[in-house]
Each structure stands twice: as structure tokens, then as C-alpha cells.
file structure-v2.pdb (PDB, C-alpha atoms)
MODEL        1
ATOM      1  CA  MET A   1      14.766  32.708  16.859
ATOM      2  CA  ARG A   2      13.335  34.845  19.666
ATOM      3  CA  ILE A   3      14.677  33.708  23.039
ATOM      4  CA  ASP A   4      13.224  34.807  26.376
ATOM      5  CA  PHE A   5      15.458  34.554  29.430
ATOM      6  CA  ARG A   6      14.246  37.549  31.400
ATOM      7  CA  VAL A   7      14.114  35.389  34.536
ATOM      8  CA  ALA A   8      17.829  34.711  34.958
ATOM      9  CA  GLY A   9      20.785  35.607  37.112
ATOM     10  CA  LEU A  10      22.802  38.449  35.602
ATOM     11  CA  GLY A  11      25.950  36.321  35.427
ATOM     12  CA  ASP A  12      24.084  33.485  33.715
ATOM     13  CA  ALA A  13      22.610  35.926  31.220
ATOM     14  CA  TRP A  14      26.011  37.428  30.410
ATOM     15  CA  MET A  15      27.514  34.000  29.735
ATOM     16  CA  ARG A  16      24.662  33.365  27.299
ATOM     17  CA  PHE A  17      25.410  36.639  25.492
ATOM     18  CA  LEU A  18      29.062  35.713  25.006
ATOM     19  CA  ALA A  19      28.242  32.192  23.843
ATOM     20  CA  LEU A  20      25.429  33.344  21.559
ATOM     21  CA  ALA A  21      27.786  35.791  19.844
ATOM     22  CA  THR A  22      30.033  32.923  18.759
ATOM     23  CA  LEU A  23      27.199  30.519  17.981
ATOM     24  CA  SER A  24      25.471  33.159  15.851
ATOM     25  CA  ARG A  25      28.654  33.656  13.851
ATOM     26  CA  ILE A  26      29.222  29.915  13.425
ATOM     27  CA  ARG A  27      25.610  29.316  12.329
ATOM     28  CA  PRO A  28      24.465  32.593  10.699
ATOM     29  CA  SER A  29      21.379  31.093   9.057
ATOM     30  CA  GLU A  30      18.916  33.303  10.958
ATOM     31  CA  ARG A  31      18.729  36.471  13.025
ATOM     32  CA  HIS A  32      18.217  36.055  16.780
ATOM     33  CA  VAL A  33      16.436  38.299  19.268
ATOM     34  CA  VAL A  34      16.948  37.873  23.012
ATOM     35  CA  TYR A  35      14.953  39.244  25.934
ATOM     36  CA  PRO A  36      17.281  39.268  28.980
ATOM     37  CA  PRO A  37      16.868  40.906  32.418
ATOM     38  CA  ARG A  38      15.950  44.501  31.645
ATOM     39  CA  VAL A  39      18.954  46.088  33.349
ATOM     40  CA  LEU A  40      21.299  44.417  30.845
ATOM     41  CA  VAL A  41      19.576  45.607  27.666
ATOM     42  CA  PRO A  42      21.403  48.914  26.987
ATOM     43  CA  LEU A  43      24.932  47.573  27.527
ATOM     44  CA  ALA A  44      24.324  44.269  25.749
ATOM     45  CA  SER A  45      22.719  46.068  22.790
ATOM     46  CA  ALA A  46      25.897  48.102  22.280
ATOM     47  CA  LEU A  47      28.459  45.358  22.848
ATOM     48  CA  PHE A  48      26.743  42.631  20.810
ATOM     49  CA  GLU A  49      25.501  44.716  17.915
ATOM     50  CA  GLY A  50      25.789  42.740  14.679
ATOM     51  CA  TYR A  51      25.658  39.395  16.480
ATOM     52  CA  PHE A  52      22.033  39.444  17.635
ATOM     53  CA  GLU A  53      19.346  41.896  18.717
ATOM     54  CA  VAL A  54      18.677  42.642  22.387
ATOM     55  CA  ALA A  55      15.194  43.865  23.365
ATOM     56  CA  TYR A  56      13.240  44.511  26.533
ATOM     57  CA  ASP A  57      10.312  42.280  25.576
ATOM     58  CA  GLY A  58       8.261  40.928  22.704
ATOM     59  CA  PRO A  59       6.863  37.678  21.332
ATOM     60  CA  SER A  60       9.164  34.702  21.919
ATOM     61  CA  ASP A  61       9.659  31.334  20.257
ATOM     62  CA  ILE A  62      11.112  29.711  23.350
ATOM     63  CA  GLU A  63      11.649  30.518  27.029
ATOM     64  CA  ILE A  64      14.708  29.394  28.974
ATOM     65  CA  SER A  65      13.559  28.277  32.418
ATOM     66  CA  HIS A  66      15.069  26.932  35.632
ATOM     67  CA  LEU A  67      11.728  25.706  37.010
ATOM     68  CA  GLY A  68      10.765  22.105  37.723
ATOM     69  CA  ILE A  69       8.296  20.177  35.604
ATOM     70  CA  ARG A  70       5.407  20.856  38.013
ATOM     71  CA  HIS A  71       5.748  24.605  37.430
ATOM     72  CA  LEU A  72       6.264  24.282  33.676
ATOM     73  CA  LEU A  73       3.315  21.988  33.076
ATOM     74  CA  PRO A  74       0.565  24.666  32.878
ATOM     75  CA  GLY A  75       2.516  26.573  30.249
ATOM     76  CA  LEU A  76       3.301  23.405  28.305
ATOM     77  CA  LEU A  77      -0.361  22.460  28.256
ATOM     78  CA  ALA A  78      -1.135  25.961  26.970
ATOM     79  CA  GLY A  79       1.271  25.458  24.068
ATOM     80  CA  LYS A  80       4.334  27.346  25.340
ATOM     81  CA  ARG A  81       7.797  26.115  24.375
ATOM     82  CA  TYR A  82      10.438  25.806  27.077
ATOM     83  CA  TYR A  83      14.147  25.061  27.159
ATOM     84  CA  SER A  84      15.551  23.740  30.433
ATOM     85  CA  PRO A  85      19.378  23.750  30.650
ATOM     86  CA  PHE A  86      19.426  24.167  34.428
ATOM     87  CA  TYR A  87      17.970  20.709  34.912
ATOM     88  CA  TRP A  88      21.245  18.947  34.135
ATOM     89  CA  ILE A  89      23.280  21.398  36.206
ATOM     90  CA  LEU A  90      21.120  20.796  39.264
ATOM     91  CA  ARG A  91      21.142  17.039  38.780
ATOM     92  CA  ALA A  92      24.928  16.950  38.359
ATOM     93  CA  THR A  93      25.487  18.632  41.731
ATOM     94  CA  ARG A  94      23.131  16.451  43.763
ATOM     95  CA  THR A  95      24.994  14.603  46.510
ATOM     96  CA  ARG A  96      22.013  12.284  46.975
ATOM     97  CA  ILE A  97      19.269  11.386  44.497
ATOM     98  CA  THR A  98      15.842  11.502  46.122
ATOM     99  CA  VAL A  99      12.477  10.078  45.098
ATOM    100  CA  LYS A 100      11.471  13.619  44.127
ATOM    101  CA  ASP A 101      14.470  13.786  41.763
ATOM    102  CA  LYS A 102      13.466  10.534  40.100
ATOM    103  CA  ILE A 103       9.878  11.729  39.658
ATOM    104  CA  ASN A 104      11.197  14.957  38.141
ATOM    105  CA  ASP A 105      13.436  12.890  35.842
ATOM    106  CA  LEU A 106      10.427  10.990  34.543
ATOM    107  CA  GLY A 107       8.417  14.183  34.164
ATOM    108  CA  PHE A 108      11.141  15.879  32.091
ATOM    109  CA  MET A 109      11.617  12.750  30.001
ATOM    110  CA  PHE A 110       7.896  12.480  29.276
ATOM    111  CA  ALA A 111       7.491  16.207  28.543
ATOM    112  CA  GLY A 112      10.533  16.124  26.273
ATOM    113  CA  ALA A 113       9.093  13.239  24.287
ATOM    114  CA  THR A 114       5.479  14.409  24.033
ATOM    115  CA  MET A 115       5.427  18.183  24.605
ATOM    116  CA  ARG A 116       7.301  21.359  23.728
ATOM    117  CA  LEU A 117      10.148  20.953  26.217
ATOM    118  CA  THR A 118      13.807  20.576  25.215
ATOM    119  CA  ARG A 119      17.091  20.212  27.080
ATOM    120  CA  PRO A 120      20.752  20.394  26.062
ATOM    121  CA  SER A 121      22.958  17.322  25.816
ATOM    122  CA  ARG A 122      23.706  15.857  29.217
ATOM    123  CA  HIS A 123      27.395  15.268  28.383
ATOM    124  CA  LEU A 124      27.906  19.061  28.183
ATOM    125  CA  VAL A 125      26.870  19.724  31.777
ATOM    126  CA  HIS A 126      30.453  20.346  32.984
ATOM    127  CA  GLU A 127      31.453  22.503  30.007
ATOM    128  CA  TYR A 128      31.220  26.284  29.662
ATOM    129  CA  GLN A 129      27.768  27.141  30.932
ATOM    130  CA  GLY A 130      27.011  29.713  28.248
ATOM    131  CA  PHE A 131      27.581  27.159  25.487
ATOM    132  CA  MET A 132      25.831  24.325  27.331
ATOM    133  CA  GLU A 133      22.733  26.451  27.942
ATOM    134  CA  LEU A 134      22.328  27.368  24.261
ATOM    135  CA  GLN A 135      23.701  24.430  22.281
ATOM    136  CA  GLY A 136      20.465  22.456  22.546
ATOM    137  CA  LEU A 137      18.453  25.182  20.821
ATOM    138  CA  ARG A 138      17.416  24.250  17.291
ATOM    139  CA  PRO A 139      19.820  26.502  15.309
ATOM    140  CA  PHE A 140      22.886  25.317  17.257
ATOM    141  CA  ARG A 141      22.420  21.587  17.811
ATOM    142  CA  SER A 142      24.976  20.721  15.131
ATOM    143  CA  VAL A 143      27.701  22.896  16.700
ATOM    144  CA  SER A 144      30.219  20.703  18.501
ATOM    145  CA  LEU A 145      32.056  21.774  21.622
ATOM    146  CA  GLU A 146      35.343  21.626  19.701
ATOM    147  CA  GLU A 147      33.968  23.918  16.978
ATOM    148  CA  TYR A 148      32.749  26.384  19.574
ATOM    149  CA  LEU A 149      35.999  26.417  21.571
ATOM    150  CA  ALA A 150      38.044  27.012  18.427
ATOM    151  CA  ALA A 151      35.972  30.093  17.570
ATOM    152  CA  ALA A 152      35.195  31.637  20.971
ATOM    153  CA  SER A 153      38.438  33.582  21.524
ATOM    154  CA  CYS A 154      37.971  35.631  18.365
ATOM    155  CA  ASP A 155      34.609  36.947  19.525
ATOM    156  CA  LEU A 156      35.832  37.623  23.061
ATOM    157  CA  ASP A 157      38.630  39.758  21.580
ATOM    158  CA  ARG A 158      36.114  41.687  19.501
ATOM    159  CA  ILE A 159      33.785  42.287  22.442
ATOM    160  CA  SER A 160      36.778  43.279  24.588
ATOM    161  CA  ASN A 161      37.775  45.927  22.051
ATOM    162  CA  ARG A 162      34.233  47.296  22.010
ATOM    163  CA  ALA A 163      34.135  47.400  25.805
ATOM    164  CA  SER A 164      37.487  49.199  25.935
ATOM    165  CA  ALA A 165      36.197  51.774  23.449
ATOM    166  CA  MET A 166      33.056  52.370  25.511
ATOM    167  CA  PHE A 167      34.941  52.434  28.833
ATOM    168  CA  PRO A 168      38.483  53.651  28.090
ATOM    169  CA  PRO A 169      41.171  52.480  30.531
ATOM    170  CA  GLU A 170      42.489  55.035  32.969
ATOM    171  CA  ALA A 171      46.105  55.708  32.036
ATOM    172  CA  GLY A 172      48.615  55.216  34.840
ATOM    173  CA  SER A 173      46.084  53.856  37.299
ATOM    174  CA  CYS A 174      47.511  51.806  40.177
ATOM    175  CA  ARG A 175      44.095  51.071  41.606
ATOM    176  CA  ILE A 176      43.430  47.490  42.754
ATOM    177  CA  VAL A 177      39.709  46.735  42.915
ATOM    178  CA  VAL A 178      38.329  43.548  44.448
ATOM    179  CA  PHE A 179      34.773  42.302  43.939
ATOM    180  CA  PRO A 180      34.705  39.933  46.941
ATOM    181  CA  SER A 181      31.044  38.964  47.198
ATOM    182  CA  GLY A 182      28.374  36.959  45.401
ATOM    183  CA  SER A 183      24.968  35.436  45.898
ATOM    184  CA  ALA A 184      26.257  32.141  47.318
ATOM    185  CA  HIS A 185      29.149  31.135  49.617
ATOM    186  CA  GLN A 186      32.057  32.112  47.344
ATOM    187  CA  ILE A 187      32.406  35.307  49.395
ATOM    188  CA  MET A 188      35.976  36.268  50.288
ATOM    189  CA  PRO A 189      36.090  36.283  54.111
ATOM    190  CA  PRO A 190      36.884  39.761  55.457
ATOM    191  CA  HIS A 191      39.944  38.618  57.423
ATOM    192  CA  VAL A 192      41.335  36.901  54.305
ATOM    193  CA  ALA A 193      40.712  40.001  52.198
ATOM    194  CA  ALA A 194      42.476  42.201  54.762
ATOM    195  CA  LYS A 195      45.512  39.925  54.727
ATOM    196  CA  LEU A 196      45.745  39.499  50.953
ATOM    197  CA  TYR A 197      44.912  43.060  49.852
ATOM    198  CA  PRO A 198      45.340  45.552  52.718
ATOM    199  CA  SER A 199      45.558  48.543  50.348
ATOM    200  CA  ALA A 200      42.893  47.467  47.816
ATOM    201  CA  GLU A 201      39.429  48.924  47.310
ATOM    202  CA  PHE A 202      36.511  46.551  47.830
ATOM    203  CA  ALA A 203      33.443  46.966  45.635
ATOM    204  CA  PHE A 204      30.009  45.837  46.827
ATOM    205  CA  TYR A 205      26.554  45.981  45.351
ATOM    206  CA  GLU A 206      24.704  48.695  47.253
ATOM    207  CA  LYS A 207      22.359  46.221  48.967
ATOM    208  CA  ASP A 208      25.046  43.713  50.012
ATOM    209  CA  THR A 209      25.097  43.574  53.811
ATOM    210  CA  LEU A 210      28.478  41.779  53.876
ATOM    211  CA  ALA A 211      30.148  45.134  53.202
ATOM    212  CA  GLN A 212      29.689  46.150  56.840
ATOM    213  CA  ASP A 213      32.081  43.398  57.982
ATOM    214  CA  TYR A 214      34.742  44.965  55.752
ATOM    215  CA  VAL A 215      33.982  48.452  57.049
ATOM    216  CA  ASP A 216      34.348  47.185  60.611
ATOM    217  CA  LEU A 217      37.881  45.997  59.793
ATOM    218  CA  GLY A 218      38.789  49.454  58.517
ATOM    219  CA  MET A 219      39.029  48.436  54.853
ATOM    220  CA  LYS A 220      38.323  50.770  51.962
ATOM    221  CA  VAL A 221      34.792  49.981  50.741
ATOM    222  CA  PHE A 222      32.630  51.563  48.070
ATOM    223  CA  TYR A 223      29.318  50.660  46.466
ATOM    224  CA  TYR A 224      27.914  50.320  42.979
ATOM    225  CA  GLY A 225      24.324  50.191  41.756
ATOM    226  CA  LYS A 226      22.579  47.635  39.612
ATOM    227  CA  PRO A 227      23.339  49.001  36.112
ATOM    228  CA  PRO A 228      26.263  46.968  34.715
ATOM    229  CA  GLU A 229      27.754  50.137  33.225
ATOM    230  CA  GLU A 230      28.808  51.121  36.776
ATOM    231  CA  ILE A 231      30.796  47.903  37.113
ATOM    232  CA  CYS A 232      32.410  48.425  33.707
ATOM    233  CA  LYS A 233      33.553  51.915  34.715
ATOM    234  CA  LEU A 234      35.163  50.488  37.854
ATOM    235  CA  ILE A 235      36.975  47.852  35.829
ATOM    236  CA  ALA A 236      38.190  50.432  33.319
ATOM    237  CA  SER A 237      39.587  52.648  36.073
ATOM    238  CA  SER A 238      41.584  49.829  37.692
ATOM    239  CA  SER A 239      45.045  48.452  37.107
ATOM    240  CA  ILE A 240      44.149  45.056  38.578
ATOM    241  CA  VAL A 241      40.711  43.509  39.176
ATOM    242  CA  ILE A 242      40.118  40.454  41.380
ATOM    243  CA  CYS A 243      36.694  38.803  41.323
ATOM    244  CA  THR A 244      34.987  35.893  42.954
ATOM    245  CA  ASP A 245      32.679  33.924  40.654
ATOM    246  CA  SER A 246      29.934  36.544  40.469
ATOM    247  CA  PHE A 247      28.307  38.825  37.911
ATOM    248  CA  PRO A 248      31.185  41.356  37.976
ATOM    249  CA  SER A 249      33.600  38.554  37.072
ATOM    250  CA  HIS A 250      31.732  37.859  33.829
ATOM    251  CA  LEU A 251      31.969  41.516  32.863
ATOM    252  CA  ALA A 252      35.610  41.731  33.940
ATOM    253  CA  GLN A 253      36.545  38.773  31.741
ATOM    254  CA  MET A 254      36.156  41.141  28.786
ATOM    255  CA  TRP A 255      39.273  42.981  30.045
ATOM    256  CA  LYS A 256      41.514  39.944  29.844
ATOM    257  CA  ASP A 257      44.871  41.519  30.610
ATOM    258  CA  ARG A 258      44.182  42.719  34.142
ATOM    259  CA  THR A 259      41.547  40.475  35.661
ATOM    260  CA  TYR A 260      41.858  37.486  37.982
ATOM    261  CA  SER A 261      39.048  35.032  38.774
ATOM    262  CA  VAL A 262      39.317  33.360  42.177
ATOM    263  CA  MET A 263      37.185  30.243  42.048
ATOM    264  CA  THR A 264      35.599  28.458  45.001
ATOM    265  CA  GLU A 265      32.398  26.469  44.577
ATOM    266  CA  MET A 266      32.169  26.093  40.798
ATOM    267  CA  ASN A 267      34.461  24.602  38.166
ATOM    268  CA  ALA A 268      36.266  27.307  36.217
ATOM    269  CA  ARG A 269      35.600  25.369  33.019
ATOM    270  CA  MET A 270      31.877  25.935  33.583
ATOM    271  CA  THR A 271      31.863  29.637  34.448
ATOM    272  CA  VAL A 272      35.009  31.214  32.944
ATOM    273  CA  HIS A 273      34.854  32.051  29.232
ATOM    274  CA  PRO A 274      37.101  29.667  27.257
ATOM    275  CA  GLY A 275      38.930  32.628  25.708
ATOM    276  CA  PHE A 276      39.996  33.925  29.132
ATOM    277  CA  PRO A 277      43.640  33.094  30.013
ATOM    278  CA  LEU A 278      43.975  30.108  32.344
ATOM    279  CA  SER A 279      46.955  31.810  33.947
ATOM    280  CA  ARG A 280      44.535  34.303  35.472
ATOM    281  CA  VAL A 281      42.192  31.711  36.974
ATOM    282  CA  ILE A 282      42.855  30.413  40.491
ATOM    283  CA  GLU A 283      41.040  27.107  40.888
ATOM    284  CA  SER A 284      39.367  25.955  44.096
ATOM    285  CA  ARG A 285      41.149  23.754  46.631
ATOM    286  CA  ALA A 286      38.038  22.662  48.538
ATOM    287  CA  GLU A 287      37.613  18.923  49.059
ATOM    288  CA  CYS A 288      33.877  19.288  48.380
ATOM    289  CA  HIS A 289      34.423  21.196  45.115
ATOM    290  CA  PRO A 290      32.402  21.462  42.950
ATOM    291  CA  CYS A 291      29.323  21.821  45.103
ATOM    292  CA  ARG A 292      25.703  22.726  44.763
ATOM    293  CA  ASN A 293      25.767  26.515  44.685
ATOM    294  CA  LEU A 294      23.231  27.416  47.401
ATOM    295  CA  SER A 295      21.983  30.986  47.530
ATOM    296  CA  ARG A 296      23.102  32.894  50.612
ATOM    297  CA  THR A 297      19.958  33.972  52.456
ATOM    298  CA  GLY A 298      21.633  35.797  55.364
ATOM    299  CA  PRO A 299      24.987  36.458  57.069
ATOM    300  CA  ASP A 300      24.821  33.199  59.040
ATOM    301  CA  HIS A 301      23.493  30.985  56.237
ATOM    302  CA  ARG A 302      25.629  27.897  55.662
ATOM    303  CA  CYS A 303      26.356  25.750  52.612
ATOM    304  CA  GLN A 304      25.739  22.007  52.473
ATOM    305  CA  ALA A 305      29.131  21.441  54.118
ATOM    306  CA  GLY A 306      28.106  23.685  57.023
ATOM    307  CA  LYS A 307      30.326  26.632  56.065
ATOM    308  CA  ILE A 308      29.474  30.321  55.981
ATOM    309  CA  TYR A 309      32.462  30.907  53.686
ATOM    310  CA  CYS A 310      33.609  28.301  51.180
ATOM    311  CA  SER A 311      36.217  25.982  52.723
ATOM    312  CA  THR A 312      38.603  26.661  49.848
ATOM    313  CA  TRP A 313      39.474  29.917  51.657
ATOM    314  CA  GLU A 314      40.982  27.752  54.404
ATOM    315  CA  SER A 315      43.624  26.293  52.049
ATOM    316  CA  PRO A 316      47.121  27.804  52.527
ATOM    317  CA  ASP A 317      48.099  26.663  49.015
ATOM    318  CA  TYR A 318      45.089  28.424  47.507
ATOM    319  CA  LEU A 319      45.783  31.675  49.354
ATOM    320  CA  ALA A 320      49.455  31.530  48.399
ATOM    321  CA  GLN A 321      48.584  31.047  44.738
ATOM    322  CA  ILE A 322      46.194  34.020  44.814
ATOM    323  CA  SER A 323      48.822  36.199  46.474
ATOM    324  CA  ILE A 324      51.555  35.288  43.961
ATOM    325  CA  ALA A 325      49.337  35.618  40.892
ATOM    326  CA  THR A 326      47.535  38.834  41.710
ATOM    327  CA  THR A 327      50.510  40.802  43.092
ATOM    328  CA  ALA A 328      52.725  40.123  40.068
ATOM    329  CA  PRO A 329      53.174  43.058  37.657
ATOM    330  CA  VAL A 330      50.536  43.204  34.923
TER     331      VAL A 330
ENDMDL
END
call {"tool": "encode", "arguments": {"input": "structure-v2.pdb", "output": "C-alpha cells"}}
result
Amino acid sequence: MRIDFRVAGLGDAWMRFLALATLSRIRPSERHVVYPPRVLVPLASALFEGYFEVAYDGPSDIEISHLGIRHLLPGLLAGKRYYSPFYWILRATRTRITVKDKINDLGFMFAGATMRLTRPSRHLVHEYQGFMELQGLRPFRSVSLEEYLAAASCDLDRISNRASAMFPPEAGSCRIVVFPSGSAHQIMPPHVAAKLYPSAEFAFYEKDTLAQDYVDLGMKVFYYGKPPEEICKLIASSSIVICTDSFPSHLAQMWKDRTYSVMTEMNARMTVHPGFPLSRVIESRAECHPCRNLSRTGPDHRCQAGKIYCSTWESPDYLAQISIATTAPV
């Protein structure tokens, strides 16, 4: 099967890679080709060799889309085949169902029954997103969640070994690197970061304007570019890595022994690989968790609860748990 998900967040795409590796091994009946965001192709080609092929572009059998039925309809009428896993995720996080939602429900139901549109099983919406987004594809529909979970750790170990070979760990490093940002409101507030990790280094994507707030507090800040290889090199050179739920966290989960995921808006079960140790996941304490993950459009943009930073950062218990977990010897 040739799967096109070039229009995808980098973190979403990486979760699909990890899940597809296991699904391809469980159901090896055919060879799969994926077309992800272009920047991921070189690294994914090396790490997932033997599981599936990664290419920049080519003819596809199905396209994974996050668009509503109104935007998919022209392609459906032209004979394109779509797969829409995001639909259930968006519906599950709605605090209020509108008339527009109900119309969209009917549109997806009709297109699924009469056209070339498929969705995954609704009961999987709160499970690991990588698995949920691929399980409804034809080759994998018979794979149960239990079967997947039992097999996933083996493949994560194998990918971890490949990543360690490509990016060897720096012997004797005492470097603590924090990836504090993200596209939504999971961002670690600067004053919290300064209190928790006064001697750490804070890594920001080169276009992330939040970095200036850290610079203004006198914290050690550095920048990385878009190629994921730059993030992998940072992880390899660190003794401890702390990540919010962002693209770097999905890469860092391949180095299981020295990475911590600090969760805010999303359920860890949905975004943390099932082979990653639960002892290194700090779950959210927000009353409104999980929430609809709204993209941050500017420094003053607020979530649905009216917060610039997720309210879980206001929980003393949450901050204490992060401090205890991430300052313990590795």
C-alpha cells in the first residue's frame, strides 16, 4: 500500500512511522511505501529500513487527511481515496456539539458508505495515536489493540538501537537539555523553567519567538533548524532530556533511558509510545485535561480555558513530581 501523509504535523508523522513499523511486522503480507513531510524522509529512511519504504513523492493508494468533508468532496468525486483518522480525535475533544458538527457527521457517514472515504474505529480514539491513525487501513484492520501493544516494545528497542548507532551518545555528558515549547499551549512557562532547571540548556526551533522570554530571564538558550537530525544530535549529546508533548519528544522517546515527557493538554496514552517507560511520563494535573489542542498563533493567544500557558503548570503537585523525577540520577 502506498500511503500519502505529506500534509501532517511532524510529531503526528513520527508516531505513524513507529506504529507502522510494528503493524508491518505483524501483518507482513505486502510492502508499504509512505510519503511523509519531506524533511523527515532521510532520517526515516535510515531508521525504518526493512519495515517499509519512505519516499518523497509518487503515486498513492490512499491519502491521510485532516480536512472536513466539504474540502474532501471534490477529490472524492474525482475518484481519490481518503483516510480520515483526525475526525474522531477532533470530535472527542469537542466541549459542545454544534449544528456544523452534526452536518459534518452526516457527511462523513454518507461518504464512508457511498464513496472512497474510510475512518478508524471510534473506540480507539483515546489510544496511542500512531496505532489509531493506521489501524483502519485495509492491511491492518484485523490487528487488535492488544496484539499491537504486545509487539510494540520490540520494535521501539530495535529503532532505538539504530538511532544510537547513527547518533552515538556522548560519554560522560552531564548536559541537561529541555525542549520547552510546542505549537499549542503546552509551553513550559519561562518562570517555571527557571525555577525547575536553572542550569539547563533550553532548545528552541529557530523560528520560535517564545525563546526571547527565556533569553530575557538570563537562561541558556540555543536554536536548532528544521531537519530532525539536528534534534537527534542534541538528544545524543545530553545526559537528561526533558520534553513537552512536541515533535522533539517523539524523537527523544527512541532514547528511552534518559528522556522525560512532561504532559499537559493531551493524554499520555495517546501521544507517548506504548514501549516508553511510564516512570518517565509526568501526567497532566489540569482540571480541563484533556483539551482540544489549539494551535498557538501568537505570544498572547489563549486556549479554550483562557490560558496562555496550560493550567497544569499551576499545579504544585505536578511541578513537584517533575522536579523529583527529572533530577534523580539516570
call {"tool": "residues_around", "arguments": {"input": "structure-v2.pdb", "residues": "Ser311 (chain A)", "least_positions_apart": "4", "cutoff": "12 Å", "atoms": "only C-alpha atoms", "output": "list in words"}}
result
His185, Gln186, Ile187, Met188, Pro189, Met263, Thr264, Glu265, Ser284, Arg285, Ala286, Glu287, Cys288, His289, Pro290, Cys291, Arg302, Cys303, Gln304, Ala305, Gly306, Lys307, Ser315, Pro316, Tyr318 and Leu319 of chain A
call {"tool": "axis_aligned_box", "arguments": {"input": "structure-v2.pdb", "around": "region 218-225 of chain A", "padding_each_side": "6 Å", "output": "AutoDock Vina command-line options"}}
result
--center_x 31.7 --center_y 50.0 --center_z 50.1 --size_x 26.7 --size_y 15.1 --size_z 28.8
call {"tool": "resolve_selection", "arguments": {"input": "structure-v2.pdb", "expression": "the PyMOL selection byres ((chain A and resi 258) around 12)", "output": "number ranges by chain"}}
result
A: 169, 173-178, 235-243, 249, 252-257, 259-261, 276-277, 279-281, 325-330
call {"tool": "residues_around", "arguments": {"input": "structure-v2.pdb", "residues": "Arg2 (chain A)", "least_positions_apart": "5", "cutoff": "12 Å", "atoms": "all atoms listed in the file", "output": "ChimeraX atom specification"}}
result
/A:30-36,52-64,81,137-139
call {"tool": "write_last_selection", "arguments": {"input": "structure-v2.pdb", "atoms": "C-alpha atoms", "output": "mmCIF file, in the frame of the given file"}}
result
data_model
loop_
_atom_site.group_PDB
_atom_site.id
_atom_site.type_symbol
_atom_site.label_atom_id
_atom_site.label_comp_id
_atom_site.auth_asym_id
_atom_site.auth_seq_id
_atom_site.Cartn_x
_atom_site.Cartn_y
_atom_site.Cartn_z
ATOM 1 C CA GLU A 30 18.916 33.303 10.958
ATOM 2 C CA ARG A 31 18.729 36.471 13.025
ATOM 3 C CA HIS A 32 18.217 36.055 16.780
ATOM 4 C CA VAL A 33 16.436 38.299 19.268
ATOM 5 C CA VAL A 34 16.948 37.873 23.012
ATOM 6 C CA TYR A 35 14.953 39.244 25.934
ATOM 7 C CA PRO A 36 17.281 39.268 28.980
ATOM 8 C CA PHE A 52 22.033 39.444 17.635
ATOM 9 C CA GLU A 53 19.346 41.896 18.717
ATOM 10 C CA VAL A 54 18.677 42.642 22.387
ATOM 11 C CA ALA A 55 15.194 43.865 23.365
ATOM 12 C CA TYR A 56 13.240 44.511 26.533
ATOM 13 C CA ASP A 57 10.312 42.280 25.576
ATOM 14 C CA GLY A 58 8.261 40.928 22.704
ATOM 15 C CA PRO A 59 6.863 37.678 21.332
ATOM 16 C CA SER A 60 9.164 34.702 21.919
ATOM 17 C CA ASP A 61 9.659 31.334 20.257
ATOM 18 C CA ILE A 62 11.112 29.711 23.350
ATOM 19 C CA GLU A 63 11.649 30.518 27.029
ATOM 20 C CA ILE A 64 14.708 29.394 28.974
ATOM 21 C CA ARG A 81 7.797 26.115 24.375
ATOM 22 C CA LEU A 137 18.453 25.182 20.821
ATOM 23 C CA ARG A 138 17.416 24.250 17.291
ATOM 24 C CA PRO A 139 19.820 26.502 15.309
#
call {"tool": "atom_distance", "arguments": {"input": "structure-v2.pdb", "atom1": "CA of Phe222 (chain A)", "atom2": "CA of Leu234 (chain A)"}}
result
10.6 Å
call {"tool": "resolve_selection", "arguments": {"input": "structure-v2.pdb", "expression": "the PyMOL selection byres ((chain A and resi 43) around 12)", "output": "compact mmCIF listing (two decimals) with C-alpha atoms, in the coordinates of the input"}}
result
# COMPACT_ATOMS: atom_id res chain seq x y z
CA TRP A 14 26.01 37.43 30.41
CA PHE A 17 25.41 36.64 25.49
CA PRO A 36 17.28 39.27 28.98
CA PRO A 37 16.87 40.91 32.42
CA ARG A 38 15.95 44.50 31.64
CA VAL A 39 18.95 46.09 33.35
CA LEU A 40 21.30 44.42 30.84
CA VAL A 41 19.58 45.61 27.67
CA PRO A 42 21.40 48.91 26.99
CA ALA A 44 24.32 44.27 25.75
CA SER A 45 22.72 46.07 22.79
CA ALA A 46 25.90 48.10 22.28
CA LEU A 47 28.46 45.36 22.85
CA PHE A 48 26.74 42.63 20.81
CA GLU A 49 25.50 44.72 17.92
CA GLU A 53 19.35 41.90 18.72
CA VAL A 54 18.68 42.64 22.39
CA ALA A 55 15.19 43.86 23.36
CA ILE A 159 33.78 42.29 22.44
CA ARG A 162 34.23 47.30 22.01
CA ALA A 163 34.14 47.40 25.80
CA MET A 166 33.06 52.37 25.51
CA PHE A 167 34.94 52.43 28.83
CA PRO A 227 23.34 49.00 36.11
CA PRO A 228 26.26 46.97 34.72
CA GLU A 229 27.75 50.14 33.22
CA GLU A 230 28.81 51.12 36.78
CA ILE A 231 30.80 47.90 37.11
CA CYS A 232 32.41 48.42 33.71
CA LEU A 251 31.97 41.52 32.86
call {"tool": "atom_distance", "arguments": {"input": "structure-v2.pdb", "atom1": "CA of His301 (chain A)", "atom2": "CA of Ala203 (chain A)"}}
result
21.6 Å
call {"tool": "closest_residue", "arguments": {"input": "structure-v2.pdb", "among": "A:Val262, A:Leu72, A:Ala200, A:Leu217", "to": "Trp313 (chain A)", "atoms": "only C-alpha atoms"}}
result
A:Val262
call {"tool": "decode", "arguments": {"input": "structure-v2.pdb", "residues": "region 70-79 of chain A", "atoms": "N, CA and C atoms", "output": "compact mmCIF listing (two decimals), in the first residue's frame"}}
result
# COMPACT_ATOMS: atom_id res chain seq x y z
N ARG A 70 -16.36 18.91 3.44
CA ARG A 70 -16.54 19.91 2.38
C ARG A 70 -15.28 20.04 1.52
N HIS A 71 -14.11 19.95 2.17
CA HIS A 71 -12.85 20.07 1.44
C HIS A 71 -12.45 18.77 0.74
N LEU A 72 -12.91 17.65 1.27
CA LEU A 72 -12.57 16.36 0.66
C LEU A 72 -13.47 16.00 -0.52
N LEU A 73 -14.65 16.60 -0.56
CA LEU A 73 -15.63 16.19 -1.55
C LEU A 73 -15.15 16.28 -3.00
N PRO A 74 -14.49 17.37 -3.42
CA PRO A 74 -14.02 17.41 -4.82
C PRO A 74 -13.09 16.25 -5.17
N GLY A 75 -12.18 15.91 -4.28
CA GLY A 75 -11.30 14.79 -4.53
C GLY A 75 -12.02 13.47 -4.56
N LEU A 76 -13.00 13.30 -3.65
CA LEU A 76 -13.79 12.07 -3.64
C LEU A 76 -14.56 11.89 -4.95
N LEU A 77 -15.13 12.99 -5.41
CA LEU A 77 -15.89 12.92 -6.67
C LEU A 77 -14.97 12.62 -7.85
N ALA A 78 -13.69 12.98 -7.71
CA ALA A 78 -12.73 12.71 -8.78
C ALA A 78 -12.12 11.31 -8.66
N GLY A 79 -12.55 10.55 -7.65
CA GLY A 79 -12.08 9.18 -7.51
C GLY A 79 -10.92 8.97 -6.55
